[in-house]
>>> print(open('coords_33.json').read())   # JSON, C-alpha atoms
[["chain", "number", "residue", "atom", "x", "y", "z"],
["A", 1, "MET", "CA", 0.00, 0.00, 0.00],
["A", 2, "THR", "CA", 2.69, 2.39, 0.94],
["A", 3, "ASP", "CA", 6.40, 2.77, 0.62],
["A", 4, "ASN", "CA", 6.81, 2.55, 4.42],
["A", 5, "ASP", "CA", 7.94, -0.38, 6.52],
["A", 6, "SER", "CA", 5.24, -2.77, 7.75],
["A", 7, "HIS", "CA", 5.83, -1.79, 11.38],
["A", 8, "ARG", "CA", 4.48, 1.65, 10.46],
["A", 9, "PHE", "CA", 1.09, 0.25, 9.55],
["A", 10, "GLN", "CA", -1.38, 1.05, 12.29],
["A", 11, "ALA", "CA", -4.53, -0.72, 13.38],
["A", 12, "MET", "CA", -7.64, 0.89, 11.91],
["A", 13, "GLN", "CA", -5.80, 2.42, 8.93],
["A", 14, "SER", "CA", -7.57, 1.93, 5.65],
["A", 15, "GLY", "CA", -6.70, 2.26, 2.00],
["A", 16, "LEU", "CA", -8.22, 1.87, -1.44],
["A", 17, "ILE", "CA", -6.36, -0.26, -3.98],
["A", 18, "VAL", "CA", -6.73, -1.89, -7.36],
["A", 19, "LYS", "CA", -5.64, -5.52, -7.07],
["A", 20, "VAL", "CA", -3.62, -6.83, -10.00],
["A", 21, "PRO", "CA", -3.77, -10.64, -9.72],
["A", 22, "GLU", "CA", -2.35, -10.99, -13.23],
["A", 23, "ALA", "CA", 0.96, -9.65, -11.86],
["A", 24, "GLU", "CA", 1.22, -12.13, -8.98],
["A", 25, "PRO", "CA", 3.11, -14.88, -10.87],
["A", 26, "ALA", "CA", 5.82, -12.39, -11.84],
["A", 27, "VAL", "CA", 6.09, -10.36, -8.63],
["A", 28, "ARG", "CA", 4.98, -12.58, -5.74],
["A", 29, "MET", "CA", 8.40, -14.03, -4.88],
["A", 30, "TRP", "CA", 10.06, -10.59, -4.94],
["A", 31, "ARG", "CA", 7.27, -8.83, -3.07],
["A", 32, "GLU", "CA", 7.23, -11.46, -0.32],
["A", 33, "ARG", "CA", 10.96, -10.88, 0.23],
["A", 34, "LEU", "CA", 11.29, -7.17, -0.52],
["A", 35, "ASP", "CA", 7.94, -5.39, 0.03],
["A", 36, "PRO", "CA", 6.71, -5.24, 3.65],
["A", 37, "SER", "CA", 3.10, -4.69, 2.56],
["A", 38, "ALA", "CA", 3.06, -8.16, 0.96],
["A", 39, "GLY", "CA", 3.98, -9.74, 4.28],
["A", 40, "ALA", "CA", 1.16, -7.77, 5.89],
["A", 41, "GLY", "CA", -1.42, -9.29, 3.52],
["A", 42, "VAL", "CA", -1.58, -6.79, 0.66],
["A", 43, "PRO", "CA", -1.71, -8.40, -2.79],
["A", 44, "ALA", "CA", -0.03, -6.99, -5.90],
["A", 45, "HIS", "CA", -1.81, -3.70, -6.45],
["A", 46, "VAL", "CA", -1.83, -0.08, -7.54],
["A", 47, "THR", "CA", -2.80, 2.26, -4.70],
["A", 48, "VAL", "CA", -5.79, 4.52, -5.29],
["A", 49, "LEU", "CA", -5.63, 6.25, -1.90],
["A", 50, "PHE", "CA", -3.60, 5.63, 1.22],
["A", 51, "PRO", "CA", -4.16, 6.50, 3.96],
["A", 52, "PHE", "CA", -7.92, 6.71, 3.69],
["A", 53, "LEU", "CA", -10.35, 7.08, 6.61],
["A", 54, "ASP", "CA", -9.84, 5.56, 10.03],
["A", 55, "ALA", "CA", -11.82, 2.32, 10.00],
["A", 56, "SER", "CA", -14.02, 3.59, 12.83],
["A", 57, "ARG", "CA", -15.40, 6.19, 10.40],
["A", 58, "ILE", "CA", -16.26, 3.68, 7.67],
["A", 59, "ASP", "CA", -19.93, 2.77, 7.76],
["A", 60, "GLU", "CA", -22.70, 2.00, 5.27],
["A", 61, "GLY", "CA", -22.95, 5.68, 4.32],
["A", 62, "VAL", "CA", -19.23, 5.96, 3.56],
["A", 63, "CYS", "CA", -19.32, 2.73, 1.57],
["A", 64, "ALA", "CA", -22.32, 4.01, -0.40],
["A", 65, "ALA", "CA", -20.46, 7.26, -1.11],
["A", 66, "ILE", "CA", -17.34, 5.37, -2.27],
["A", 67, "GLY", "CA", -19.54, 3.26, -4.52],
["A", 68, "GLU", "CA", -21.18, 6.37, -6.01],
["A", 69, "VAL", "CA", -17.81, 8.00, -6.72],
["A", 70, "LEU", "CA", -16.34, 4.87, -8.29],
["A", 71, "ASP", "CA", -19.46, 4.10, -10.32],
["A", 72, "ARG", "CA", -18.62, 7.15, -12.45],
["A", 73, "HIS", "CA", -15.51, 5.33, -13.73],
["A", 74, "GLN", "CA", -15.38, 2.75, -16.50],
["A", 75, "SER", "CA", -13.44, -0.47, -16.13],
["A", 76, "PHE", "CA", -10.28, -0.43, -18.23],
["A", 77, "GLU", "CA", -7.35, -2.47, -19.46],
["A", 78, "VAL", "CA", -3.83, -1.73, -18.28],
["A", 79, "ARG", "CA", -0.42, -2.96, -19.36],
["A", 80, "PHE", "CA", 2.74, -3.18, -17.30],
["A", 81, "GLU", "CA", 5.53, -3.11, -19.89],
["A", 82, "HIS", "CA", 8.41, -1.61, -17.94],
["A", 83, "CYS", "CA", 9.79, -0.93, -14.49],
["A", 84, "GLY", "CA", 10.27, 2.41, -12.84],
["A", 85, "ARG", "CA", 12.19, 3.63, -9.81],
["A", 86, "PHE", "CA", 11.84, 5.86, -6.82],
["A", 87, "PRO", "CA", 14.81, 6.08, -4.42],
["A", 88, "GLY", "CA", 15.24, 2.53, -3.06],
["A", 89, "VAL", "CA", 12.02, 1.36, -4.76],
["A", 90, "LEU", "CA", 11.38, -0.72, -7.88],
["A", 91, "TYR", "CA", 7.89, -0.76, -9.37],
["A", 92, "LEU", "CA", 5.94, -1.79, -12.42],
["A", 93, "ALA", "CA", 4.59, 1.21, -14.30],
["A", 94, "PRO", "CA", 0.97, 0.96, -15.50],
["A", 95, "GLU", "CA", 0.12, 2.16, -19.00],
["A", 96, "PRO", "CA", -2.05, 4.07, -19.27],
["A", 97, "ASP", "CA", -1.77, 5.59, -15.81],
["A", 98, "THR", "CA", -4.45, 8.26, -16.36],
["A", 99, "PRO", "CA", -7.37, 6.05, -15.22],
["A", 100, "PHE", "CA", -5.57, 5.42, -11.90],
["A", 101, "ARG", "CA", -4.93, 9.14, -11.50],
["A", 102, "ARG", "CA", -8.62, 9.85, -12.14],
["A", 103, "LEU", "CA", -9.70, 7.28, -9.55],
["A", 104, "THR", "CA", -7.42, 8.91, -6.98],
["A", 105, "GLU", "CA", -8.52, 12.43, -7.91],
["A", 106, "SER", "CA", -12.21, 11.58, -7.61],
["A", 107, "ILE", "CA", -11.80, 9.95, -4.18],
["A", 108, "VAL", "CA", -9.67, 12.87, -2.93],
["A", 109, "GLU", "CA", -12.20, 15.34, -4.30],
["A", 110, "ARG", "CA", -14.85, 13.65, -2.12],
["A", 111, "TRP", "CA", -12.54, 13.26, 0.92],
["A", 112, "PRO", "CA", -10.03, 16.15, 0.61],
["A", 113, "GLU", "CA", -8.89, 15.69, 4.21],
["A", 114, "ASN", "CA", -7.11, 12.51, 3.03],
["A", 115, "PRO", "CA", -4.46, 13.48, 0.48],
["A", 116, "PRO", "CA", -2.55, 10.60, -1.12],
["A", 117, "PHE", "CA", 0.33, 9.38, 1.05],
["A", 118, "GLY", "CA", -0.51, 12.06, 3.60],
["A", 119, "GLY", "CA", 0.42, 14.82, 1.13],
["A", 120, "GLN", "CA", 4.11, 13.78, 0.99],
["A", 121, "PHE", "CA", 4.35, 14.03, -2.80],
["A", 122, "ASP", "CA", 3.39, 16.76, -5.26],
["A", 123, "ASP", "CA", 2.78, 14.24, -8.03],
["A", 124, "VAL", "CA", 1.38, 10.85, -7.07],
["A", 125, "VAL", "CA", 2.70, 8.37, -9.63],
["A", 126, "PRO", "CA", 0.53, 5.25, -10.07],
["A", 127, "HIS", "CA", 2.71, 2.17, -9.59],
["A", 128, "LEU", "CA", 2.81, -1.46, -8.49],
["A", 129, "THR", "CA", 5.58, -1.74, -5.89],
["A", 130, "VAL", "CA", 7.78, -4.82, -6.22],
["A", 131, "ALA", "CA", 10.70, -3.99, -3.91],
["A", 132, "GLN", "CA", 11.49, -1.21, -1.49],
["A", 133, "GLY", "CA", 14.22, -0.20, 0.92],
["A", 134, "GLN", "CA", 16.83, -1.93, -1.24],
["A", 135, "ASP", "CA", 20.15, -0.88, -2.67],
["A", 136, "GLU", "CA", 20.67, -0.39, -6.39],
["A", 137, "ALA", "CA", 22.29, -3.81, -6.97],
["A", 138, "VAL", "CA", 19.25, -5.62, -5.55],
["A", 139, "LEU", "CA", 16.84, -3.49, -7.57],
["A", 140, "GLU", "CA", 18.82, -4.18, -10.75],
["A", 141, "LYS", "CA", 18.67, -7.93, -10.11],
["A", 142, "VAL", "CA", 14.91, -7.83, -9.49],
["A", 143, "GLU", "CA", 14.31, -5.68, -12.56],
["A", 144, "SER", "CA", 16.38, -7.99, -14.74],
["A", 145, "ASP", "CA", 14.31, -10.94, -13.54],
["A", 146, "LEU", "CA", 11.00, -9.15, -14.08],
["A", 147, "LEU", "CA", 11.72, -8.03, -17.64],
["A", 148, "GLY", "CA", 11.28, -11.60, -18.88],
["A", 149, "SER", "CA", 7.71, -11.63, -17.50],
["A", 150, "LEU", "CA", 6.59, -8.39, -19.13],
["A", 151, "PRO", "CA", 4.27, -7.25, -20.47],
["A", 152, "ILE", "CA", 1.52, -8.03, -17.99],
["A", 153, "VAL", "CA", -1.98, -7.16, -19.12],
["A", 154, "ALA", "CA", -4.79, -6.71, -16.60],
["A", 155, "ARG", "CA", -8.44, -5.72, -16.60],
["A", 156, "VAL", "CA", -9.31, -3.23, -13.86],
["A", 157, "SER", "CA", -12.94, -3.66, -12.87],
["A", 158, "SER", "CA", -13.01, -2.85, -9.15],
["A", 159, "VAL", "CA", -11.39, -0.97, -6.29],
["A", 160, "ASP", "CA", -10.94, -2.69, -2.92],
["A", 161, "LEU", "CA", -11.16, -1.17, 0.53],
["A", 162, "LEU", "CA", -8.58, -2.68, 2.88],
["A", 163, "VAL", "CA", -8.33, -2.17, 6.65],
["A", 164, "HIS", "CA", -5.37, -2.98, 8.88],
["A", 165, "ASP", "CA", -6.41, -4.98, 11.95],
["A", 166, "GLY", "CA", -3.19, -4.36, 13.85],
["A", 167, "THR", "CA", -1.46, -7.36, 12.32],
["A", 168, "ARG", "CA", -2.60, -7.71, 8.69],
["A", 169, "TRP", "CA", -4.46, -5.89, 5.96],
["A", 170, "ARG", "CA", -7.93, -7.34, 5.32],
["A", 171, "GLN", "CA", -10.21, -6.74, 2.35],
["A", 172, "CYS", "CA", -13.53, -5.27, 3.49],
["A", 173, "VAL", "CA", -15.42, -4.33, 0.34],
["A", 174, "ALA", "CA", -14.88, -4.47, -3.42],
["A", 175, "PHE", "CA", -16.45, -1.58, -5.34],
["A", 176, "PRO", "CA", -17.16, -2.32, -9.01],
["A", 177, "LEU", "CA", -16.36, 0.10, -11.80],
["A", 178, "ARG", "CA", -18.80, 0.48, -14.67]]
>>> encode(input="coords_33.json", output="structure tokens")
Amino acid sequence: MTDNDSHRFQAMQSGLIVKVPEAEPAVRMWRERLDPSAGAGVPAHVTVLFPFLDASRIDEGVCAAIGEVLDRHQSFEVRFEHCGRFPGVLYLAPEPDTPFRRLTESIVERWPENPPFGGQFDDVVPHLTVAQGQDEAVLEKVESDLLGSLPIVARVSSVDLLVHDGTRWRQCVAFPLR
């Protein structure tokens, strides 16, 4: 979900993600070793919004509002053809990334008190994290391995709400796109 260590996840945090099960065969082994969110129960994904609301604030009304916002978006196909980097992070870059940006923008427009990644970044780049907190040599090895599995094509048809229970991330609701 985030580019933070798993010990920074807090009980009652929530987030909205797009699961990418088509990427699991290529990234699972690396994510389990090199991405703390995988060990905390988060599947291969592109983050729509993290952090979202505290779980104590999520009720039927909030879920209905999320559903209304997301129902304005069409399902879409995405390709992961290349890797990208942030400092210490290797990710798969979705193409196109505009539909992910629009999903994030529409959720933030409805809940402006929850900027993506707590407002840390001016430009939120949609990505599927594979490894983080690693030196360049490790990232190069992972990227070299992944290139043989690309491209990955996926159909995005829903956004999932996950909540951290203090130990693991759990899926609560899947919201379909049109």
>>> residues_around(input="coords_33.json", residues="region 25-32 of chain A", least_positions_apart="5", cutoff="9 Å", atoms="all atoms listed in the file", output="compact mmCIF listing (two decimals) with C-alpha atoms, keeping the file's coordinate frame")
# COMPACT_ATOMS: atom_id res chain seq x y z
CA SER A 37 3.10 -4.69 2.56
CA ALA A 38 3.06 -8.16 0.96
CA GLY A 39 3.98 -9.74 4.28
CA PRO A 43 -1.71 -8.40 -2.79
CA ALA A 44 -0.03 -6.99 -5.90
CA THR A 129 5.58 -1.74 -5.89
CA VAL A 130 7.78 -4.82 -6.22
CA ALA A 131 10.70 -3.99 -3.91
CA GLN A 132 11.49 -1.21 -1.49
CA VAL A 142 14.91 -7.83 -9.49
CA ASP A 145 14.31 -10.94 -13.54
CA LEU A 146 11.00 -9.15 -14.08
CA GLY A 148 11.28 -11.60 -18.88
CA SER A 149 7.71 -11.63 -17.50
CA LEU A 150 6.59 -8.39 -19.13
CA ILE A 152 1.52 -8.03 -17.99
>>> residues_around(input="coords_33.json", residues="Arg110 (chain A)", least_positions_apart="5", cutoff="12 Å", atoms="only C-alpha atoms", output="list in words")
Leu49, Phe52, Leu53, Val62, Ala65, Ile66, Gly67, Glu68, Val69, Leu70, Leu103, Thr104, Glu105 and Pro115 of chain A
>>> closest_residue(input="coords_33.json", among="A:Phe80, A:Phe175, A:Phe9, A:Phe121", to="Pro96 (chain A)", atoms="all atoms listed in the file")
A:Phe80
>>> closest_residue(input="coords_33.json", among="A:Asn114, A:Ser14, A:Thr167, A:Gln120", to="Ile58 (chain A)", atoms="only C-alpha atoms")
A:Ser14
>>> atom_distance(input="coords_33.json", atom1="CA of Asp59 (chain A)", atom2="CA of His164 (chain A)")
15.7 Å
>>> axis_aligned_box(input="coords_33.json", around="region 116-127 of chain A", padding_each_side="3 Å", output="JSON")
{"center_x": 0.9, "center_y": 9.5, "center_z": -3.2, "size_x": 12.9, "size_y": 20.6, "size_z": 19.7}
>>> closest_residue(input="coords_33.json", among="A:Leu162, A:Ala174, A:Val156, A:Val89", to="Glu136 (chain A)", atoms="only C-alpha atoms")
A:Val89
>>> residues_near_point(input="coords_33.json", point="(-5.1, 9.3, 5.0)", cutoff="12 Å", atoms="all atoms listed in the file", output="list in words")
Met1, Thr2, Phe9, Gln10, Met12, Gln13, Ser14, Gly15, Leu16, Val48, Leu49, Phe50, Pro51, Phe52, Leu53, Asp54, Ala55, Ile107, Val108, Trp111, Pro112, Glu113, Asn114, Pro115, Pro116, Phe117, Gly118, Gly119 and Gln120 of chain A
>>> residues_near_point(input="coords_33.json", point="(-1.4, 6.3, -7.2)", cutoff="7 Å", atoms="only C-alpha atoms", output="ChimeraX atom specification")
/A:46-49,100-101,104,124-127
>>> residues_around(input="coords_33.json", residues="Leu147 (chain A)", least_positions_apart="4", cutoff="9 Å", atoms="all atoms listed in the file", output="VMD selection string")
chain A and resid 81 to 83 142 to 143 151
>>> atom_distance(input="coords_33.json", atom1="CA of Leu161 (chain A)", atom2="CA of Ala93 (chain A)")
21.8 Å
>>> atom_distance(input="coords_33.json", atom1="CA of Pro99 (chain A)", atom2="CA of Ser144 (chain A)")
27.6 Å
>>> closest_residue(input="coords_33.json", among="A:Val138, A:Arg85, A:Tyr91, A:Asp71", to="Ser106 (chain A)", atoms="all atoms listed in the file")
A:Asp71
>>> closest_residue(input="coords_33.json", among="A:Arg79, A:Glu22, A:Asp97, A:His73", to="Arg178 (chain A)", atoms="only C-alpha atoms")
A:His73
